[in-house]
>>> print(open('start00.cif').read())   # mmCIF, C-alpha atoms
data_my_file
#
loop_
_atom_site.label_atom_id
_atom_site.label_comp_id
_atom_site.auth_asym_id
_atom_site.auth_seq_id
_atom_site.Cartn_x
_atom_site.Cartn_y
_atom_site.Cartn_z
CA MET X 1 -1.87 38.90 23.93
CA GLY X 2 -3.85 35.68 23.69
CA THR X 3 -5.81 33.87 26.37
CA THR X 4 -3.08 31.25 26.88
CA GLU X 5 -0.40 33.92 27.31
CA HIS X 6 -2.64 35.76 29.78
CA GLN X 7 -3.05 32.61 31.84
CA GLN X 8 0.68 31.89 31.77
CA LEU X 9 1.42 35.39 33.06
CA GLU X 10 -1.20 35.07 35.78
CA ASP X 11 0.30 31.76 36.86
CA GLU X 12 3.80 33.28 36.90
CA VAL X 13 2.72 36.18 39.08
CA GLU X 14 0.66 34.03 41.40
CA ASP X 15 3.43 31.46 41.85
CA MET X 16 5.91 34.17 42.79
CA VAL X 17 3.52 35.81 45.21
CA LYS X 18 2.73 32.47 46.85
CA LYS X 19 6.43 31.89 47.46
CA LEU X 20 6.94 35.31 48.98
CA ALA X 21 3.65 36.29 50.59
CA GLY X 22 1.78 33.08 51.22
CA ASP X 23 -1.05 31.27 49.47
CA VAL X 24 -3.37 33.78 47.73
CA ASP X 25 -5.93 33.83 44.96
CA LEU X 26 -4.53 36.79 43.11
CA PHE X 27 -6.60 36.81 39.95
CA GLY X 28 -9.82 35.11 41.08
CA ASP X 29 -11.63 34.17 37.90
CA GLY X 30 -8.48 34.20 35.77
CA ASP X 31 -9.49 37.14 33.57
CA LEU X 32 -7.17 40.10 33.10
CA ARG X 33 -9.38 43.15 33.43
CA PRO X 34 -8.29 46.78 33.44
CA GLY X 35 -8.55 48.14 36.95
CA ALA X 36 -9.09 44.78 38.67
CA ILE X 37 -7.55 44.43 42.12
CA ALA X 38 -6.85 41.67 44.61
CA GLY X 39 -5.44 41.64 48.14
CA VAL X 40 -2.37 39.65 49.12
CA GLY X 41 -2.21 40.10 52.88
CA ASP X 42 -0.16 42.56 54.88
CA ASP X 43 2.75 43.04 52.48
CA VAL X 44 3.38 43.31 48.76
CA PHE X 45 6.27 41.84 46.79
CA CYS X 46 7.55 42.61 43.30
CA ILE X 47 7.76 39.85 40.72
CA ASP X 48 11.55 39.78 41.06
CA GLY X 49 11.22 39.20 44.79
CA GLU X 50 12.10 42.71 45.94
CA HIS X 51 10.03 43.46 49.01
CA MET X 52 7.85 46.57 48.98
CA ALA X 53 6.79 47.36 52.55
CA GLY X 54 3.20 48.27 53.20
CA SER X 55 0.05 47.47 55.10
CA GLU X 56 -2.97 45.80 53.53
CA LEU X 57 -1.75 46.72 50.07
CA LEU X 58 -3.10 45.47 46.77
CA PHE X 59 -1.88 44.44 43.36
CA SER X 60 -3.24 46.11 40.24
CA TYR X 61 -2.53 45.14 36.68
CA ALA X 62 -3.18 46.33 33.13
CA PHE X 63 -3.68 44.67 29.76
CA ASP X 64 -0.88 45.53 27.40
CA LYS X 65 2.86 45.32 27.67
CA GLY X 66 4.34 48.80 27.82
CA GLU X 67 1.04 50.52 28.53
CA ALA X 68 1.71 53.98 29.93
CA ILE X 69 1.00 53.94 33.65
CA GLU X 70 1.53 57.08 35.75
CA ASP X 71 3.42 56.09 38.89
CA GLY X 72 1.64 58.78 40.95
CA GLY X 73 4.80 60.03 42.60
CA ASP X 74 5.16 57.82 45.66
CA HIS X 75 3.63 54.75 44.03
CA LEU X 76 6.16 52.08 43.03
CA VAL X 77 5.23 50.57 39.70
CA MET X 78 6.84 47.89 37.59
CA ILE X 79 5.81 46.30 34.30
CA LEU X 80 6.50 42.65 33.56
CA GLU X 81 5.14 41.25 30.31
CA GLY X 82 2.08 43.45 30.39
CA ILE X 83 1.30 43.12 34.09
CA VAL X 84 1.64 46.25 36.17
CA VAL X 85 2.39 45.48 39.80
CA ALA X 86 2.02 48.35 42.27
CA PRO X 87 1.60 48.72 46.00
CA GLY X 88 -1.43 50.61 47.18
CA TRP X 89 -5.06 50.94 46.19
CA LEU X 90 -5.08 54.65 45.26
CA ALA X 91 -5.43 55.70 48.87
CA ALA X 92 -1.90 54.68 49.72
CA SER X 93 0.90 57.09 50.48
CA GLY X 94 1.02 59.99 48.06
CA SER X 95 -2.55 59.79 46.74
CA ILE X 96 -4.59 62.99 46.61
CA ILE X 97 -8.10 62.92 48.07
CA VAL X 98 -10.67 65.71 47.75
CA VAL X 99 -13.23 65.55 50.56
CA ILE X 100 -16.33 67.74 50.18
CA GLY X 101 -18.47 68.41 53.25
CA VAL X 102 -15.75 67.47 55.71
CA LEU X 103 -16.31 64.17 57.53
CA GLU X 104 -14.56 61.49 59.56
CA LEU X 105 -13.68 59.73 56.31
CA ALA X 106 -10.92 62.32 55.88
CA TYR X 107 -9.26 60.93 59.02
CA GLN X 108 -9.61 57.38 57.72
CA TYR X 109 -7.78 58.41 54.55
CA THR X 110 -5.10 60.00 56.72
CA LYS X 111 -4.37 56.60 58.22
CA LYS X 112 -3.50 55.41 54.71
CA GLY X 113 -1.01 58.25 54.22
CA ALA X 114 -3.12 60.15 51.69
CA CYS X 115 -2.83 63.90 51.14
CA LEU X 116 -6.12 65.77 51.56
CA SER X 117 -7.92 68.66 49.94
CA LEU X 118 -10.80 69.70 52.24
CA VAL X 119 -13.73 71.64 50.80
CA ALA X 120 -16.60 73.16 52.80
CA GLN X 121 -18.03 76.59 53.53
CA ARG X 122 -16.60 77.26 57.00
CA LYS X 123 -12.89 78.02 56.79
CA GLN X 124 -12.20 77.74 60.52
CA ALA X 125 -13.94 74.38 60.64
CA LEU X 126 -11.80 73.16 57.75
CA GLU X 127 -8.65 74.39 59.46
CA GLY X 128 -9.58 72.41 62.58
CA VAL X 129 -9.92 69.20 60.57
CA ALA X 130 -6.70 69.98 58.68
CA ALA X 131 -4.78 70.42 61.94
CA ASP X 132 -6.11 67.09 63.24
CA ALA X 133 -5.20 65.35 59.97
CA LEU X 134 -1.63 66.67 60.16
CA GLU X 135 -1.35 65.49 63.75
CA ARG X 136 -2.51 62.05 62.61
CA GLY X 137 0.30 61.76 60.09
CA THR X 138 -0.80 63.09 56.70
CA SER X 139 1.97 64.96 54.91
CA ASP X 140 -0.09 67.73 53.31
CA VAL X 141 -3.59 69.20 53.63
CA LEU X 142 -5.11 71.90 51.45
CA VAL X 143 -8.05 73.91 52.83
CA ILE X 144 -10.49 75.37 50.30
CA PRO X 145 -13.52 77.31 51.63
CA ALA X 146 -16.22 76.93 48.97
CA ASP X 147 -19.93 76.43 48.39
CA VAL X 148 -20.08 73.38 46.11
CA SER X 149 -23.69 74.13 45.16
CA ASP X 150 -22.14 76.92 43.07
CA ALA X 151 -20.59 75.68 39.82
CA GLU X 152 -17.83 78.28 39.69
CA GLN X 153 -16.72 77.61 43.26
CA SER X 154 -16.69 73.86 42.55
CA ARG X 155 -14.50 74.44 39.51
CA HIS X 156 -12.12 76.55 41.57
CA ALA X 157 -11.90 73.90 44.30
CA VAL X 158 -10.89 71.20 41.82
CA GLU X 159 -8.45 73.41 39.93
CA ALA X 160 -6.82 74.62 43.15
CA THR X 161 -6.37 71.01 44.27
CA VAL X 162 -4.72 69.93 41.03
CA ALA X 163 -2.56 73.07 40.94
CA HIS X 164 -1.33 72.32 44.47
CA PHE X 165 -0.82 68.56 44.27
CA GLY X 166 -0.49 67.95 40.55
CA LYS X 167 -3.10 65.18 40.47
CA LEU X 168 -6.35 63.90 41.95
CA ASN X 169 -7.08 60.28 42.93
CA HIS X 170 -10.35 60.27 44.88
CA LEU X 171 -13.30 62.66 45.10
CA VAL X 172 -15.54 62.26 48.17
CA ALA X 173 -18.85 64.13 47.75
CA ASN X 174 -20.61 64.43 51.09
CA ALA X 175 -22.36 67.83 51.24
CA GLY X 176 -26.00 67.56 52.30
CA VAL X 177 -28.99 69.14 54.00
CA TRP X 178 -32.38 67.70 54.98
CA SER X 179 -35.86 68.58 56.21
CA SER X 180 -38.45 66.78 58.31
CA CYS X 181 -42.01 67.89 57.74
CA CYS X 182 -44.97 66.80 55.64
CA PHE X 183 -45.18 68.31 52.17
CA ASP X 184 -48.53 70.00 52.81
CA GLU X 185 -47.11 71.71 55.92
CA ILE X 186 -44.54 73.68 53.91
CA THR X 187 -45.25 77.43 53.89
CA ASN X 188 -42.47 78.52 51.51
CA ILE X 189 -41.86 75.98 48.77
CA THR X 190 -39.16 78.02 47.00
CA GLY X 191 -37.14 77.97 50.21
CA PHE X 192 -36.45 74.30 49.52
CA ASN X 193 -34.58 74.95 46.27
CA LYS X 194 -31.37 74.96 48.30
CA MET X 195 -31.92 71.28 49.10
CA MET X 196 -31.62 70.29 45.44
CA ASP X 197 -28.71 72.69 45.02
CA VAL X 198 -26.72 71.10 47.85
CA ASN X 199 -27.78 67.44 47.75
CA PHE X 200 -27.67 67.01 43.97
CA TRP X 201 -25.69 69.79 42.30
CA GLY X 202 -23.29 69.95 45.27
CA SER X 203 -22.09 66.50 44.18
CA VAL X 204 -22.53 66.82 40.41
CA TYR X 205 -20.62 70.09 39.93
CA PRO X 206 -17.39 68.89 41.60
CA THR X 207 -17.70 65.56 39.79
CA TYR X 208 -17.96 67.32 36.44
CA TYR X 209 -14.83 69.39 36.97
CA ALA X 210 -12.86 66.55 38.57
CA MET X 211 -13.64 63.98 35.89
CA PRO X 212 -10.63 64.55 33.56
CA ASN X 213 -8.21 64.21 36.49
CA LEU X 214 -9.98 61.17 37.90
CA LYS X 215 -9.81 59.49 34.51
CA ALA X 216 -6.11 60.30 34.24
CA SER X 217 -5.40 58.66 37.61
CA LYS X 218 -7.95 55.85 37.16
CA GLY X 219 -9.37 57.18 40.39
CA LYS X 220 -12.49 56.78 42.46
CA LEU X 221 -15.72 58.67 43.10
CA ILE X 222 -17.23 58.25 46.55
CA VAL X 223 -20.71 59.69 46.96
CA SER X 224 -22.71 60.00 50.16
CA SER X 225 -26.30 59.14 49.27
CA SER X 226 -28.88 57.63 51.63
CA THR X 227 -31.21 54.72 52.23
CA ALA X 228 -33.93 57.33 51.65
CA ALA X 229 -33.07 57.20 47.95
CA THR X 230 -34.55 53.71 47.60
CA ALA X 231 -36.77 53.34 50.70
CA PRO X 232 -38.44 56.72 51.23
CA THR X 233 -40.34 57.55 54.40
CA SER X 234 -42.91 60.20 55.33
CA ARG X 235 -41.94 63.77 56.29
CA MET X 236 -38.93 63.81 53.94
CA SER X 237 -40.52 64.03 50.50
CA LEU X 238 -38.16 66.61 49.02
CA TYR X 239 -35.08 65.18 50.70
CA ASN X 240 -35.99 61.71 49.41
CA ALA X 241 -36.38 63.13 45.91
CA THR X 242 -32.96 64.84 45.92
CA LYS X 243 -31.24 61.69 47.14
CA ALA X 244 -33.05 59.54 44.56
CA ALA X 245 -31.88 61.92 41.82
CA GLN X 246 -28.32 61.79 43.15
CA LEU X 247 -28.36 57.98 43.34
CA ARG X 248 -29.65 57.52 39.80
CA PHE X 249 -27.15 60.04 38.43
CA TYR X 250 -24.15 58.21 39.86
CA GLU X 251 -25.48 54.80 38.91
CA THR X 252 -25.81 56.05 35.33
CA LEU X 253 -22.38 57.64 35.48
CA ARG X 254 -20.93 54.30 36.59
CA TYR X 255 -22.37 52.69 33.43
CA GLU X 256 -20.82 55.43 31.28
CA LEU X 257 -17.39 55.30 32.88
CA GLY X 258 -16.90 51.55 32.95
CA SER X 259 -13.46 50.82 34.41
CA GLU X 260 -12.10 54.34 33.85
CA VAL X 261 -13.30 55.64 37.25
CA ALA X 262 -14.72 53.50 40.05
CA VAL X 263 -17.91 54.74 41.73
CA THR X 264 -18.82 53.78 45.30
CA ILE X 265 -22.17 55.00 46.66
CA LEU X 266 -22.67 55.19 50.43
CA THR X 267 -26.29 54.46 51.43
CA ALA X 268 -26.38 54.85 55.18
CA GLY X 269 -29.20 55.08 57.65
CA PHE X 270 -29.23 57.59 60.49
CA VAL X 271 -25.67 58.71 61.15
CA GLU X 272 -24.16 61.05 63.70
CA SER X 273 -24.05 64.36 61.82
CA GLU X 274 -25.27 67.95 61.77
CA MET X 275 -28.58 66.70 60.41
CA THR X 276 -29.21 64.15 63.15
CA LYS X 277 -28.24 66.87 65.62
CA GLY X 278 -31.40 68.64 64.45
CA LYS X 279 -30.21 71.02 61.74
CA VAL X 280 -33.03 71.08 59.16
CA ILE X 281 -34.72 73.22 56.56
CA GLN X 282 -37.93 74.18 58.33
CA LYS X 283 -41.41 74.66 56.89
CA ASP X 284 -40.69 78.31 56.03
CA GLY X 285 -37.49 77.42 54.18
CA ASP X 286 -35.12 78.70 56.86
CA VAL X 287 -32.38 76.53 58.31
CA ALA X 288 -32.67 76.05 62.07
CA ILE X 289 -32.28 73.54 64.89
CA ASP X 290 -35.47 71.53 65.43
CA LEU X 291 -34.85 68.73 67.92
CA GLU X 292 -38.52 67.79 68.06
CA ALA X 293 -38.66 67.17 64.30
CA ARG X 294 -35.39 65.24 64.59
CA ASP X 295 -36.75 63.01 67.35
CA VAL X 296 -39.95 62.28 65.42
CA GLN X 297 -37.99 61.27 62.32
CA ILE X 298 -35.41 59.09 64.05
CA GLY X 299 -37.72 57.53 66.61
CA VAL X 300 -36.25 54.25 67.88
CA PHE X 301 -34.05 53.68 64.84
CA PRO X 302 -30.34 53.44 65.67
CA VAL X 303 -28.03 56.38 65.06
CA VAL X 304 -24.60 55.00 64.20
CA ARG X 305 -21.31 56.57 65.15
CA VAL X 306 -19.72 58.31 62.21
CA GLU X 307 -16.35 56.67 62.97
CA LYS X 308 -17.87 53.22 62.48
CA LEU X 309 -19.58 54.20 59.24
CA CYS X 310 -16.33 55.55 57.84
CA GLU X 311 -14.40 52.42 58.78
CA VAL X 312 -16.99 50.33 56.93
CA ALA X 313 -17.01 52.80 54.03
CA LEU X 314 -13.25 52.75 53.58
CA ASP X 315 -13.23 48.95 53.57
CA GLY X 316 -15.87 49.02 50.82
CA ILE X 317 -13.99 51.65 48.83
CA GLN X 318 -10.84 49.57 49.08
CA ARG X 319 -12.66 46.49 47.78
CA GLY X 320 -14.18 48.49 44.95
CA ASP X 321 -17.76 47.91 46.15
CA TRP X 322 -20.50 49.62 44.16
CA TYR X 323 -22.54 50.27 47.30
CA VAL X 324 -21.79 50.51 51.00
CA THR X 325 -24.90 50.28 53.21
CA TRP X 326 -24.69 50.72 56.98
CA PRO X 327 -26.14 49.71 59.40
CA SER X 328 -26.64 46.33 57.74
CA MET X 329 -30.29 46.28 58.86
CA TYR X 330 -31.00 48.54 55.86
CA LEU X 331 -29.62 46.10 53.28
CA PRO X 332 -33.02 44.47 52.56
CA MET X 333 -34.81 47.81 52.14
CA PRO X 334 -34.40 48.20 48.34
CA PHE X 335 -35.58 44.63 47.88
CA ILE X 336 -38.64 45.19 50.11
CA ALA X 337 -39.40 48.45 48.32
CA CYS X 338 -39.33 46.56 45.02
CA ILE X 339 -41.39 43.47 45.84
CA ALA X 340 -43.62 44.74 48.67
CA PRO X 341 -43.82 48.55 48.60
CA GLU X 342 -47.10 48.40 50.50
CA VAL X 343 -45.17 47.16 53.55
CA LEU X 344 -42.99 50.27 53.61
CA ASN X 345 -46.02 52.42 52.90
CA TRP X 346 -47.90 50.98 55.88
CA LEU X 347 -44.88 51.25 58.18
CA SER X 348 -44.12 54.83 57.19
CA TYR X 349 -47.72 55.96 57.59
CA ALA X 350 -48.07 54.22 60.96
CA LEU X 351 -44.89 55.71 62.38
CA TYR X 352 -45.06 59.30 61.16
CA ASN X 353 -48.68 60.27 60.56
CA ALA X 354 -50.74 61.41 63.54
CA LYS X 355 -54.13 62.93 64.20
CA GLN X 356 -54.33 66.62 64.96
CA GLY X 357 -53.05 67.29 68.48
CA SER X 358 -51.44 63.87 69.05
CA LEU X 359 -47.83 62.75 68.80
CA PRO X 360 -46.70 60.44 65.97
CA LEU X 361 -46.12 56.82 66.93
CA SER X 362 -42.37 57.21 66.37
CA GLN X 363 -42.21 59.95 69.01
CA ARG X 364 -44.33 57.98 71.47
CA MET X 365 -42.14 54.90 71.02
CA LEU X 366 -39.02 57.00 71.59
CA ASP X 367 -40.46 58.47 74.80
CA ALA X 368 -41.77 55.14 76.10
CA THR X 369 -38.54 53.21 75.56
CA GLY X 370 -36.12 55.95 76.51
CA ALA X 371 -34.18 55.08 73.38
CA LYS X 372 -32.73 58.58 73.17
CA ARG X 373 -30.21 57.62 75.84
CA PHE X 374 -28.60 55.39 73.22
CA TYR X 375 -28.02 58.31 70.86
CA PRO X 376 -24.34 59.23 70.42
CA LEU X 377 -23.33 61.81 73.02
CA SER X 378 -22.99 64.55 70.42
CA LEU X 379 -26.75 64.28 69.70
CA ARG X 380 -27.77 64.68 73.32
CA HIS X 381 -27.09 68.39 73.64
CA HIS X 382 -28.35 71.44 71.76
CA PRO X 383 -25.70 72.07 69.10
CA GLY X 384 -26.85 75.44 67.79
CA ILE X 385 -26.37 76.61 64.21
CA LYS X 386 -22.74 76.45 63.19
CA THR X 387 -21.11 79.62 62.00
CA GLU X 388 -17.57 80.61 61.08
CA GLY X 389 -16.83 80.87 64.78
CA THR X 390 -17.93 77.36 65.76
CA HIS X 391 -15.24 75.00 64.64
CA HIS X 392 -14.50 72.41 67.25
CA LYS X 393 -13.59 69.15 65.53
CA GLN X 394 -16.61 67.38 67.05
CA ASP X 395 -18.85 69.95 65.38
CA ILE X 396 -17.60 69.31 61.86
CA ASP X 397 -20.05 67.92 59.36
CA ALA X 398 -20.10 64.15 59.44
CA ALA X 399 -21.99 61.93 57.03
CA SER X 400 -24.90 63.54 55.22
CA ASN X 401 -27.22 60.55 55.42
CA VAL X 402 -30.59 59.69 56.87
#
>>> encode(input="start00.cif", output="structure tokens")
Amino acid sequence: MGTTEHQQLEDEVEDMVKKLAGDVDLFGDGDLRPGAIAGVGDDVFCIDGEHMAGSELLFSYAFDKGEAIEDGGDHLVMILEGIVVAPGWLAASGSIIVVIGVLELAYQYTKKGACLSLVAQRKQALEGVAADALERGTSDVLVIPADVSDAEQSRHAVEATVAHFGKLNHLVANAGVWSSCCFDEITNITGFNKMMDVNFWGSVYPTYYAMPNLKASKGKLIVSSSTAATAPTSRMSLYNATKAAQLRFYETLRYELGSEVAVTILTAGFVESEMTKGKVIQKDGDVAIDLEARDVQIGVFPVVRVEKLCEVALDGIQRGDWYVTWPSMYLPMPFIACIAPEVLNWLSYALYNAKQGSLPLSQRMLDATGAKRFYPLSLRHHPGIKTEGTHHKQDIDAASNV
């Protein structure tokens, strides 16, 4: 199909949509690109004028007339002279979402009518989230207890999802663990191997096994990284390294995949989660609650509510953004780290390094300002280490970012 024919088809589609749904810029730059999307308001209309009800739905289109497009079950699809018009943006009704390291984002997907496959280690915790998701309107939830830092368990989680639902549209990789101590204070270095296993391989293994299904559905990868990947701070050397490795892996994977699978990387600051509740790998390699280390690391920086992060994240995923950074105050950090790394070096050293017997500046600022009272309520009590028996929905893992 030539350029002129492409433009004629774009004009035909856009004219029809304007008549039915109002004035929109459907194709933007005028280029037909596989996987490109554009919003048309609150409702979607077929080319022939048949109304397809929906909320904040999108058009998608493909290159060639007659190209095989899987309708995904509940997705309505029509082909008109090479343009595929379909309601939904892959998280519409009937899409299958795998969420690893259960988080509020699962509930955001529920609002879009997606079916969920929830993967984490604590079965009772997963069942609590599943029950909430069903109450909120999702039609089906699969619970898969698994340790995604283990390759075989990751494979099983993906295969069980596809066996149950028949397809996979989105993979959300969110498992994570952190530490907060200086490198030379560590007493058991091998105890930190688990950090690389969870933060890096806990995303890579599920991605590897999900890739054929994501390609088949032209799906999306959503990865929870961190601002620490590009703007590292003191006391988190190994955590920063694992997140940097994760970030570079998925950036490279995006280059390799092109338009086959979209990749959105979440780079958040401090977020309400198990980690900001004080759950860390300590100097001896054991996992424990250390509120003092948590307070030193956070200091007066804001801790955002996980619900807000997930609202922002889902908007970015829907737009097809490469990165979603929240709070927005962290947006300049990669640029500063590139052009003026000495500024971050000075700031990090000033905040977190202290003479023997004295508190770090970050802790003193927190105490002097009383900023802890602005922490989300869930951070202002001692949470304890979660086990199979602790599964209240407020205690479920949120976003694994710092």
>>> closest_atom_pairs(input="start00.cif", of="region 267-323 of chain X", to="region 333-346 of chain X", cutoff="12 Å", atoms="all atoms listed in the file", output="JSON lines")
{"residue": "X:Thr267", "atom": "CA", "partner": "X:Pro334", "partner_atom": "CA", "distance": 10.7}
{"residue": "X:Ala268", "atom": "CA", "partner": "X:Met333", "partner_atom": "CA", "distance": 11.4}
{"residue": "X:Gly269", "atom": "CA", "partner": "X:Met333", "partner_atom": "CA", "distance": 10.7}
>>> atom_distance(input="start00.cif", atom1="CA of Lys283 (chain X)", atom2="CA of Asn188 (chain X)")
6.7 Å
>>> closest_residue(input="start00.cif", among="X:Ala106, X:Ala210, X:Asp284, X:Leu266", to="Asp184 (chain X)", atoms="only C-alpha atoms")
X:Asp284
>>> residues_around(input="start00.cif", residues="Met365 (chain X)", least_positions_apart="6", cutoff="9 Å", atoms="all atoms listed in the file", output="PyMOL selection string")
chain X and resi 299-300+371
>>> atom_distance(input="start00.cif", atom1="CA of Phe192 (chain X)", atom2="CA of Pro360 (chain X)")
23.8 Å
>>> residues_around(input="start00.cif", residues="Val98 (chain X)", least_positions_apart="4", cutoff="9 Å", atoms="all atoms listed in the file", output="PyMOL selection string")
chain X and resi 106+115-119+157-158+161+168-173
>>> atom_distance(input="start00.cif", atom1="CA of Thr227 (chain X)", atom2="CA of Gln121 (chain X)")
25.6 Å
>>> closest_atom_pairs(input="start00.cif", of="region 201-272 of chain X", to="region 301-310 of chain X", cutoff="7 Å", atoms="only C-alpha atoms", output="tab-separated table")
residue	atom	partner	partner_atom	distance
X:Phe270	CA	X:Val303	CA	4.9
X:Val271	CA	X:Val304	CA	4.9
X:Glu272	CA	X:Val306	CA	5.4
>>> closest_residue(input="start00.cif", among="X:Thr325, X:Thr187, X:Thr138, X:Thr207", to="Ser225 (chain X)", atoms="all atoms listed in the file")
X:Thr325
>>> residues_around(input="start00.cif", residues="Ala293 (chain X)", least_positions_apart="4", cutoff="8 Å", atoms="all atoms listed in the file", output="number ranges by chain")
X: 180-181, 278, 297
>>> resolve_selection(input="start00.cif", expression="the PyMOL selection byres ((chain X and resi 257) around 12)", output="VMD selection string")
chain X and resid 211 to 212 214 to 215 218 to 221 250 to 256 258 to 263
>>> resolve_selection(input="start00.cif", expression="the PyMOL selection byres ((chain X and resi 289) around 6)", output="number ranges by chain")
X: 278-279, 288, 290
>>> closest_residue(input="start00.cif", among="X:Ala160, X:Leu331, X:Ile222, X:Ala175", to="Trp201 (chain X)", atoms="only C-alpha atoms")
X:Ala175
>>> resolve_selection(input="start00.cif", expression="the PyMOL selection byres ((chain X and resi 134) around 12)", output="PyMOL selection string")
chain X and resi 106-107+109-111+113-116+127-133+135-142
>>> closest_residue(input="start00.cif", among="X:Ser217, X:Ala228, X:Met236, X:Lys123", to="Ile144 (chain X)", atoms="all atoms listed in the file")
X:Lys123
>>> decode(input="start00.cif", residues="region 183-197 of chain X", atoms="N, CA, C and O atoms", output="compact mmCIF listing (two decimals), in the first residue's frame")
# COMPACT_ATOMS: atom_id res chain seq x y z
N PHE X 183 28.37 0.06 52.44
CA PHE X 183 28.96 -1.18 51.96
C PHE X 183 29.97 -1.75 52.94
O PHE X 183 30.02 -2.96 53.19
N ASP X 184 30.79 -0.87 53.54
CA ASP X 184 31.83 -1.37 54.45
C ASP X 184 31.28 -1.76 55.82
O ASP X 184 32.04 -2.21 56.68
N GLU X 185 29.97 -1.60 56.04
CA GLU X 185 29.35 -2.05 57.28
C GLU X 185 28.79 -3.47 57.18
O GLU X 185 28.40 -4.07 58.18
N ILE X 186 28.74 -4.01 55.95
CA ILE X 186 28.18 -5.35 55.74
C ILE X 186 29.07 -6.40 56.38
O ILE X 186 30.30 -6.38 56.23
N THR X 187 28.46 -7.32 57.11
CA THR X 187 29.22 -8.38 57.79
C THR X 187 29.09 -9.74 57.10
O THR X 187 29.84 -10.66 57.40
N ASN X 188 28.13 -9.87 56.18
CA ASN X 188 27.94 -11.12 55.45
C ASN X 188 27.57 -10.78 54.02
O ASN X 188 26.40 -10.67 53.66
N ILE X 189 28.58 -10.65 53.16
CA ILE X 189 28.36 -10.19 51.81
C ILE X 189 27.54 -11.18 50.99
O ILE X 189 26.72 -10.79 50.15
N THR X 190 27.71 -12.48 51.22
CA THR X 190 26.96 -13.47 50.45
C THR X 190 25.47 -13.45 50.78
O THR X 190 24.66 -13.95 50.00
N GLY X 191 25.13 -12.87 51.94
CA GLY X 191 23.72 -12.77 52.30
C GLY X 191 22.95 -11.82 51.41
O GLY X 191 21.72 -11.79 51.44
N PHE X 192 23.68 -11.04 50.60
CA PHE X 192 23.03 -10.08 49.73
C PHE X 192 22.79 -10.62 48.32
O PHE X 192 22.28 -9.90 47.46
N ASN X 193 23.17 -11.88 48.09
CA ASN X 193 22.89 -12.49 46.79
C ASN X 193 21.41 -12.47 46.47
O ASN X 193 21.00 -12.33 45.31
N LYS X 194 20.59 -12.63 47.52
CA LYS X 194 19.14 -12.67 47.31
C LYS X 194 18.61 -11.38 46.70
O LYS X 194 17.56 -11.37 46.04
N MET X 195 19.33 -10.27 46.90
CA MET X 195 18.87 -9.00 46.35
C MET X 195 18.94 -9.02 44.83
O MET X 195 18.01 -8.58 44.14
N MET X 196 20.03 -9.54 44.28
CA MET X 196 20.14 -9.68 42.83
C MET X 196 19.14 -10.70 42.31
O MET X 196 18.52 -10.51 41.25
N ASP X 197 18.95 -11.78 43.06
CA ASP X 197 18.01 -12.81 42.65
C ASP X 197 16.60 -12.25 42.51
O ASP X 197 15.90 -12.54 41.54
